[in-house]
file entry.cif (mmCIF, C-alpha atoms and all ligand atoms)
data_entry
loop_
_atom_site.label_atom_id
_atom_site.label_comp_id
_atom_site.auth_asym_id
_atom_site.auth_seq_id
_atom_site.Cartn_x
_atom_site.Cartn_y
_atom_site.Cartn_z
CA MET A 1 147.69 -109.76 -87.74
CA PRO A 2 150.64 -111.83 -86.41
CA TYR A 3 151.22 -112.19 -82.69
CA LEU A 4 155.01 -112.16 -82.88
CA SER A 5 157.18 -109.27 -84.01
CA ASP A 6 160.43 -109.52 -85.94
CA ASP A 7 162.24 -108.70 -82.67
CA ASP A 8 160.48 -111.63 -80.96
CA LYS A 9 161.65 -113.98 -83.69
CA THR A 10 165.19 -112.63 -83.60
CA PHE A 11 165.25 -113.13 -79.84
CA PHE A 12 164.05 -116.73 -80.23
CA ARG A 13 166.56 -117.39 -82.97
CA GLU A 14 169.50 -116.11 -80.92
CA ASN A 15 168.55 -117.30 -77.46
CA GLY A 16 166.39 -120.36 -78.16
CA TYR A 17 163.50 -119.11 -76.06
CA LEU A 18 160.90 -116.35 -75.88
CA VAL A 19 158.69 -115.33 -72.96
CA LYS A 20 155.23 -113.80 -73.40
CA HIS A 21 152.88 -112.80 -70.62
CA ASP A 22 149.09 -112.83 -70.15
CA LEU A 23 148.35 -115.29 -72.94
CA LEU A 24 145.51 -117.08 -71.13
CA SER A 25 142.13 -115.57 -70.32
CA GLU A 26 140.72 -115.49 -66.78
CA LYS A 27 138.25 -118.20 -67.76
CA GLN A 28 140.90 -120.45 -69.29
CA LEU A 29 143.01 -120.15 -66.14
CA HIS A 30 140.05 -120.69 -63.84
CA ASP A 31 138.80 -123.79 -65.71
CA ALA A 32 142.27 -125.32 -66.04
CA LEU A 33 143.00 -124.74 -62.33
CA ASP A 34 139.72 -126.42 -61.38
CA VAL A 35 140.72 -129.52 -63.36
CA VAL A 36 144.19 -129.48 -61.78
CA TRP A 37 142.88 -129.26 -58.23
CA GLN A 38 140.23 -131.93 -58.80
CA ASN A 39 143.02 -134.31 -59.80
CA LEU A 40 145.79 -133.35 -57.40
CA ASP A 41 146.46 -135.47 -54.39
CA CYS A 42 146.48 -132.58 -51.93
CA ASP A 43 143.98 -130.17 -50.42
CA ARG A 44 143.42 -126.86 -52.27
CA ASN A 45 142.59 -125.18 -48.97
CA ASN A 46 145.44 -126.55 -46.91
CA PRO A 47 148.89 -125.24 -47.95
CA GLN A 48 150.53 -127.61 -45.47
CA SER A 49 149.36 -130.50 -47.65
CA TRP A 50 151.24 -129.04 -50.65
CA ILE A 51 154.70 -129.43 -49.11
CA ASP A 52 156.65 -132.21 -50.85
CA ALA A 53 153.40 -133.55 -52.29
CA GLY A 54 155.13 -134.92 -55.40
CA PRO A 55 155.63 -136.83 -57.52
CA ASN A 56 152.12 -136.15 -58.63
CA HIS A 57 151.38 -136.37 -62.35
CA PRO A 58 147.63 -136.60 -62.96
CA ARG A 59 146.75 -137.60 -66.53
CA ILE A 60 144.67 -134.56 -67.37
CA GLY A 61 146.23 -133.45 -70.67
CA ALA A 62 143.22 -134.51 -72.75
CA GLU A 63 140.70 -132.63 -70.57
CA PRO A 64 138.99 -129.91 -72.66
CA ALA A 65 139.94 -127.16 -70.19
CA ILE A 66 143.59 -128.19 -70.37
CA ARG A 67 143.67 -128.51 -74.18
CA ALA A 68 141.94 -125.12 -74.43
CA THR A 69 144.97 -123.42 -72.85
CA LEU A 70 146.97 -124.44 -75.90
CA TYR A 71 144.52 -124.58 -78.79
CA GLU A 72 142.01 -121.85 -77.87
CA SER A 73 144.58 -119.30 -76.76
CA PRO A 74 147.37 -117.53 -78.69
CA VAL A 75 149.88 -120.21 -77.59
CA PHE A 76 149.49 -122.61 -80.54
CA PRO A 77 149.22 -119.84 -83.17
CA MET A 78 152.40 -118.24 -81.78
CA ALA A 79 154.27 -121.57 -82.02
CA GLU A 80 152.99 -121.84 -85.60
CA GLU A 81 154.41 -118.42 -86.33
CA LEU A 82 157.82 -119.85 -85.45
CA VAL A 83 157.52 -123.19 -87.23
CA GLY A 84 155.13 -122.35 -90.06
CA HIS A 85 151.36 -122.02 -90.51
CA GLY A 86 149.71 -125.42 -90.80
CA LYS A 87 153.02 -127.19 -90.16
CA LEU A 88 152.50 -128.24 -86.52
CA SER A 89 150.56 -131.31 -85.43
CA SER A 90 147.63 -130.57 -83.12
CA ASN A 91 147.62 -134.08 -81.60
CA THR A 92 149.78 -133.03 -78.66
CA ASN A 93 148.25 -132.34 -75.26
CA PRO A 94 149.80 -130.09 -72.65
CA GLY A 95 151.01 -132.09 -69.64
CA PRO A 96 150.85 -130.86 -66.05
CA HIS A 97 154.21 -130.23 -64.41
CA PHE A 98 154.11 -129.31 -60.76
CA ARG A 99 156.95 -128.31 -58.51
CA PHE A 100 155.84 -128.61 -54.95
CA PRO A 101 157.01 -126.35 -52.13
CA THR A 102 159.93 -127.95 -50.31
CA GLY A 103 159.39 -126.05 -47.08
CA GLU A 104 163.08 -125.11 -47.28
CA THR A 105 164.74 -121.71 -47.69
CA ASP A 106 168.12 -122.82 -48.99
CA TRP A 107 167.83 -122.06 -52.73
CA LYS A 108 170.34 -121.83 -55.52
CA MET A 109 170.13 -121.61 -59.29
CA PRO A 110 170.03 -125.06 -60.89
CA THR A 111 173.45 -126.17 -62.08
CA HIS A 112 172.33 -129.08 -64.29
CA GLY A 113 169.93 -129.13 -67.20
CA HIS A 114 168.96 -131.63 -69.87
CA LEU A 115 167.71 -131.92 -73.41
CA ASP A 116 164.43 -133.73 -73.92
CA GLY A 117 163.95 -136.67 -76.21
CA TYR A 118 167.16 -138.61 -75.68
CA TYR A 119 167.31 -141.93 -73.89
CA THR A 120 168.12 -142.02 -70.19
CA PRO A 121 167.30 -144.94 -67.91
CA THR A 122 164.53 -142.94 -66.23
CA ASN A 123 162.96 -140.49 -68.69
CA GLY A 124 160.63 -142.82 -70.57
CA VAL A 125 162.40 -142.45 -73.96
CA PRO A 126 163.08 -146.03 -75.14
CA LYS A 127 166.70 -146.96 -75.88
CA GLY A 128 167.47 -146.76 -79.60
CA THR A 129 164.91 -144.01 -80.32
CA VAL A 130 164.79 -140.23 -80.11
CA GLY A 131 161.84 -137.99 -79.34
CA ARG A 132 162.77 -134.71 -80.95
CA PHE A 133 160.33 -131.84 -81.38
CA GLN A 134 160.51 -128.30 -82.75
CA VAL A 135 159.06 -126.04 -80.03
CA GLY A 136 158.27 -126.54 -76.38
CA ALA A 137 155.87 -124.25 -74.55
CA SER A 138 155.86 -124.06 -70.76
CA PHE A 139 152.93 -122.11 -69.44
CA TYR A 140 152.08 -121.07 -65.94
CA LEU A 141 148.67 -121.41 -64.37
CA ASN A 142 149.66 -119.46 -61.26
CA ASN A 143 152.17 -116.85 -60.21
CA VAL A 144 155.75 -118.13 -60.35
CA VAL A 145 158.22 -116.04 -58.38
CA HIS A 146 162.02 -116.06 -58.00
CA LYS A 147 162.97 -119.24 -56.05
CA GLY A 148 159.46 -120.57 -56.67
CA GLY A 149 160.32 -123.63 -58.80
CA ALA A 150 160.57 -121.77 -62.11
CA PHE A 151 161.17 -123.39 -65.48
CA THR A 152 164.85 -122.61 -66.10
CA ILE A 153 166.72 -122.53 -69.40
CA TRP A 154 170.27 -122.14 -70.65
CA PRO A 155 170.13 -119.58 -73.50
CA GLY A 156 171.89 -120.41 -76.73
CA THR A 157 172.39 -124.12 -76.01
CA HIS A 158 170.12 -124.93 -79.00
CA ILE A 159 172.93 -123.66 -81.26
CA GLN A 160 175.56 -125.71 -79.41
CA ALA A 161 173.31 -128.78 -79.69
CA ALA A 162 172.93 -128.31 -83.45
CA GLU A 163 176.71 -128.16 -83.89
CA TYR A 164 177.27 -131.12 -81.58
CA PHE A 165 174.86 -133.42 -83.42
CA LYS A 166 176.44 -132.70 -86.78
CA LYS A 167 179.36 -134.81 -85.49
CA HIS A 168 177.88 -137.14 -82.85
CA SER A 169 175.20 -139.81 -82.81
CA LEU A 170 171.82 -138.89 -81.39
CA LEU A 171 171.52 -142.34 -79.92
CA THR A 172 174.54 -142.09 -77.65
CA PHE A 173 173.78 -138.65 -76.22
CA LYS A 174 173.27 -138.63 -72.46
CA GLY A 175 170.23 -136.34 -72.50
CA GLY A 176 170.04 -136.36 -68.74
CA ASN A 177 173.51 -134.95 -68.34
CA ALA A 178 174.10 -132.39 -71.06
CA ASN A 179 176.44 -130.36 -68.82
CA GLU A 180 179.31 -132.60 -69.84
CA THR A 181 178.78 -131.71 -73.48
CA PHE A 182 178.07 -127.98 -73.60
CA ASP A 183 179.89 -124.85 -72.65
CA MET A 184 177.34 -123.73 -70.09
CA PRO A 185 176.05 -120.13 -70.19
CA ASP A 186 174.34 -118.64 -67.12
CA PRO A 187 170.85 -120.09 -66.71
CA VAL A 188 167.70 -117.93 -66.86
CA GLU A 189 164.85 -118.47 -64.42
CA ILE A 190 161.49 -117.86 -66.12
CA THR A 191 159.23 -116.06 -63.66
CA GLY A 192 155.84 -114.52 -64.31
CA GLY A 193 152.17 -114.41 -63.52
CA PRO A 194 149.40 -116.76 -64.59
CA GLY A 195 149.32 -116.98 -68.38
CA THR A 196 153.07 -116.46 -68.77
CA VAL A 197 154.38 -118.72 -71.53
CA CYS A 198 157.97 -119.61 -72.35
CA PHE A 199 158.42 -120.91 -75.89
CA TRP A 200 161.66 -122.86 -76.22
CA HIS A 201 163.54 -124.53 -79.01
CA GLY A 202 163.31 -128.35 -78.84
CA GLN A 203 167.08 -128.60 -78.41
CA LEU A 204 167.42 -126.09 -75.56
CA MET A 205 168.78 -127.20 -72.20
CA HIS A 206 166.31 -126.73 -69.41
CA THR A 207 165.16 -127.94 -66.02
CA GLY A 208 162.80 -127.03 -63.20
CA ALA A 209 164.25 -125.18 -60.20
CA LYS A 210 163.79 -125.96 -56.53
CA ASN A 211 160.66 -124.45 -55.03
CA CYS A 212 161.31 -122.48 -51.85
CA ALA A 213 158.07 -120.48 -52.16
CA GLU A 214 154.75 -121.31 -50.51
CA GLU A 215 152.69 -122.00 -53.65
CA ILE A 216 152.83 -125.10 -55.85
CA ARG A 217 154.49 -124.13 -59.16
CA MET A 218 151.77 -125.09 -61.61
CA ALA A 219 152.88 -125.35 -65.21
CA LEU A 220 151.63 -127.08 -68.32
CA ILE A 221 154.33 -128.14 -70.74
CA THR A 222 153.80 -129.15 -74.33
CA ARG A 223 156.27 -130.32 -76.95
CA LEU A 224 155.06 -129.44 -80.42
CA THR A 225 156.19 -131.35 -83.48
CA ARG A 226 155.90 -130.73 -87.18
CA LYS A 227 153.45 -133.01 -88.98
CA ASP A 228 156.44 -134.46 -90.87
CA ASN A 229 158.58 -134.83 -87.74
CA ASN A 230 159.17 -138.57 -88.20
CA GLU A 231 161.09 -137.82 -91.37
CA LEU A 232 163.20 -135.20 -89.60
CA LEU A 233 164.11 -137.08 -86.42
CA PHE A 234 167.69 -137.84 -87.41
CA GLU A 235 168.31 -134.78 -89.60
CA PHE A 236 170.58 -131.91 -88.65
CA PRO A 237 170.55 -129.59 -91.66
CA GLU A 238 173.36 -127.08 -92.12
CA ASP A 239 170.82 -124.30 -91.52
CA ILE A 240 169.34 -125.11 -88.11
CA TRP A 241 166.23 -123.10 -89.01
CA ALA A 242 165.53 -125.07 -92.19
CA ASN A 243 162.37 -126.55 -90.66
CA TYR A 244 161.17 -123.32 -89.02
CA ASP A 245 159.42 -121.42 -91.80
CA GLY A 246 158.71 -118.46 -89.51
CA ILE A 247 162.34 -117.96 -88.58
CA ASN A 248 163.91 -118.35 -91.99
O1 LIG A 301 159.00 -128.64 -64.57
C1 LIG A 301 159.88 -127.97 -65.12
O2 LIG A 301 160.01 -126.77 -64.93
C2 LIG A 301 160.86 -128.66 -66.04
C3 LIG A 301 160.35 -129.93 -66.60
C4 LIG A 301 161.35 -130.59 -67.49
O3 LIG A 301 162.52 -130.36 -67.39
C5 LIG A 301 160.89 -131.51 -68.50
O4 LIG A 301 159.70 -131.82 -68.54
O5 LIG A 301 161.72 -131.96 -69.32
#
call {"tool": "encode", "arguments": {"input": "entry.cif", "output": "C-alpha cells", "more": "lines below"}}
Ligand SMILES: O=C(O)CCC(=O)C(=O)O
result
Amino acid sequence: MPYLSDDDKTFFRENGYLVKHDLLSEKQLHDALDVVWQNLDCDRNNPQSWIDAGPNHPRIGAEPAIRATLYESPVFPMAEELVGHGKLSSNTNPGPHFRFPTGETDWKMPTHGHLDGYYTPTNGVPKGTVGRFQVGASFYLNNVVHKGGAFTIWPGTHIQAAEYFKKHSLLTFKGGNANETFDMPDPVEITGGPGTVCFWHGQLMHTGAKNCAEEIRMALITRLTRKDNNELLFEFPEDIWANYDGIN
C-alpha cells in the first residue's frame, strides 16, 4: 500500500514540495531528542541558555536514533515513492539543523533563499563541483510555530531552476543568492508539530526563518540522491521528471 496519493504527487510536481504530518513515532522522537540534547551546548532545562546558542552543529547524523527517523519511519519510503523504488542511496544521514530563539519579537518572512549544492565561499561546496540531489526532507523533532524559525520554501522555483540550467552553467550559479535569478513567488513557511516532514525537490529555493519563539527549532535535514547521481550531476533533461520514476 503506497504512502502517497496521486494528489500528493501532483502537488509535489507542481509546487516542488509536499508536507506530511505525524510521520515519526513517539519513541523515535523521544530517542532522537535525547541524542540531540546530549550533544547540544545548552541546558535542556534552562530556556535562557537556548537564546542565540548557535552556531551549534553536533555531528550526530550517524547515531542510530537519528538514522532511525529516516530509515525506520515512512520518510525514506515516501521519498522512494517520488524517485523510484530501490533508486535512492541509503548512505545519507539526516543532519541536525537548529534555529535558536533570538529573544527578539521583530519578525518578517525571509526575503532571500538559496539552492543547495552550488559553490559559495561559505557553504562547503568546493569550487568547480556541484552537489545536486533529487529530494530533500526536512523533519521536525519539536513543534514549529509561525515565527518560530520554520523551514521556508519558494514554491515552483524548481521549475524555474530547470529552465535556467538548460541555458546556464551550473558552475557559475551563485547558489547563495538565487533571488537575482528567479522570479520570486511568495514564500511558504512550513509549520507543524513533531514528526512533520517537508519533502522538497533538490532544486527548490529554501531557507530557515528567524526564530522569534521561545523553543529551539529542531529539524533534521537530509538530501537524498539516486544511486546513479554521479552520472546525472550535470544533466538537465527536457523532462525535469525523467529521473523521478514515481512522478512520471
Ligand atoms: O534550517 C533551515 O530551516 C534551512 C537550512 C538550509 O537552508 C540548508 O540547510 O540549506
call {"tool": "closest_residue", "arguments": {"input": "entry.cif", "among": "A:Cys42, A:Ala242, A:Ala150, A:Leu24", "to": "His97 in chain A", "atoms": "all atoms listed in the file"}}
result
A:Ala150
call {"tool": "closest_residue", "arguments": {"input": "entry.cif", "among": "A:Pro47, A:Pro110, A:Gly149, A:Gly16", "to": "ligand LIG 301 (chain A)", "atoms": "only C-alpha atoms and all ligand atoms"}}
result
A:Gly149
call {"tool": "residues_around", "arguments": {"input": "entry.cif", "residues": "range 62-72 of chain A", "least_positions_apart": "6", "cutoff": "10 Å", "atoms": "only C-alpha atoms", "output": "ChimeraX atom specification"}}
result
/A:23-25,27-36,79,90-96,137,139,141,195,220-222
call {"tool": "residues_near_ligand", "arguments": {"input": "entry.cif", "ligand": "ligand LIG 301 (chain A)", "cutoff": "9 Å", "atoms": "only C-alpha atoms and all ligand atoms", "output": "number ranges by chain"}}
result
A: 95-99, 113-117, 123, 138, 149-152, 205-209, 217-222
call {"tool": "write_last_selection", "arguments": {"input": "entry.cif", "atoms": "C-alpha atoms", "output": "mmCIF file, keeping the file's coordinate frame"}}
result
data_model
loop_
_atom_site.group_PDB
_atom_site.id
_atom_site.type_symbol
_atom_site.label_atom_id
_atom_site.label_comp_id
_atom_site.auth_asym_id
_atom_site.auth_seq_id
_atom_site.Cartn_x
_atom_site.Cartn_y
_atom_site.Cartn_z
ATOM 1 C CA GLY A 95 151.010 -132.090 -69.640
ATOM 2 C CA PRO A 96 150.850 -130.860 -66.050
ATOM 3 C CA HIS A 97 154.210 -130.230 -64.410
ATOM 4 C CA PHE A 98 154.110 -129.310 -60.760
ATOM 5 C CA ARG A 99 156.950 -128.310 -58.510
ATOM 6 C CA GLY A 113 169.930 -129.130 -67.200
ATOM 7 C CA HIS A 114 168.960 -131.630 -69.870
ATOM 8 C CA LEU A 115 167.710 -131.920 -73.410
ATOM 9 C CA ASP A 116 164.430 -133.730 -73.920
ATOM 10 C CA GLY A 117 163.950 -136.670 -76.210
ATOM 11 C CA ASN A 123 162.960 -140.490 -68.690
ATOM 12 C CA SER A 138 155.860 -124.060 -70.760
ATOM 13 C CA GLY A 149 160.320 -123.630 -58.800
ATOM 14 C CA ALA A 150 160.570 -121.770 -62.110
ATOM 15 C CA PHE A 151 161.170 -123.390 -65.480
ATOM 16 C CA THR A 152 164.850 -122.610 -66.100
ATOM 17 C CA MET A 205 168.780 -127.200 -72.200
ATOM 18 C CA HIS A 206 166.310 -126.730 -69.410
ATOM 19 C CA THR A 207 165.160 -127.940 -66.020
ATOM 20 C CA GLY A 208 162.800 -127.030 -63.200
ATOM 21 C CA ALA A 209 164.250 -125.180 -60.200
ATOM 22 C CA ARG A 217 154.490 -124.130 -59.160
ATOM 23 C CA MET A 218 151.770 -125.090 -61.610
ATOM 24 C CA ALA A 219 152.880 -125.350 -65.210
ATOM 25 C CA LEU A 220 151.630 -127.080 -68.320
ATOM 26 C CA ILE A 221 154.330 -128.140 -70.740
ATOM 27 C CA THR A 222 153.800 -129.150 -74.330
#
call {"tool": "closest_residue", "arguments": {"input": "entry.cif", "among": "A:Arg132, A:Lys9, A:His146, A:Arg44", "to": "Gly192 in chain A", "atoms": "all atoms listed in the file"}}
result
A:His146
call {"tool": "atom_distance", "arguments": {"input": "entry.cif", "atom1": "CA of Asn15 in chain A", "atom2": "CA of Phe182 in chain A"}}
result
14.8 Å
call {"tool": "closest_residue", "arguments": {"input": "entry.cif", "among": "A:Gly156, A:Gly202, A:Gly54, A:Gly131", "to": "Pro101 in chain A", "atoms": "all atoms listed in the file"}}
result
A:Gly54
call {"tool": "closest_residue", "arguments": {"input": "entry.cif", "among": "A:Phe234, A:Trp50, A:Trp241, A:Tyr3", "to": "Ser169 in chain A", "atoms": "all atoms listed in the file"}}
result
A:Phe234
call {"tool": "decode", "arguments": {"input": "entry.cif", "residues": "range 220-235 of chain A", "atoms": "C-alpha atoms", "output": "short mmCIF file (atom, residue, chain, number, x, y, z; two decimals), in the first residue's frame"}}
result
data_model
loop_
_atom_site.label_atom_id
_atom_site.label_comp_id
_atom_site.auth_asym_id
_atom_site.auth_seq_id
_atom_site.Cartn_x
_atom_site.Cartn_y
_atom_site.Cartn_z
CA LEU A 220 16.80 17.14 10.79
CA ILE A 221 17.50 17.71 7.12
CA THR A 222 18.55 15.08 4.64
CA ARG A 223 19.39 15.35 0.97
CA LEU A 224 18.65 12.11 -0.83
CA THR A 225 20.39 11.16 -4.05
CA ARG A 226 19.79 8.48 -6.62
CA LYS A 227 22.34 5.67 -6.61
CA ASP A 228 23.40 6.83 -10.10
CA ASN A 229 23.52 10.51 -9.11
CA ASN A 230 27.15 11.00 -10.17
CA GLU A 231 26.16 10.33 -13.75
CA LEU A 232 23.30 12.84 -13.54
CA LEU A 233 25.08 15.75 -11.86
CA PHE A 234 25.38 17.89 -14.98
CA GLU A 235 22.26 16.66 -16.78
#
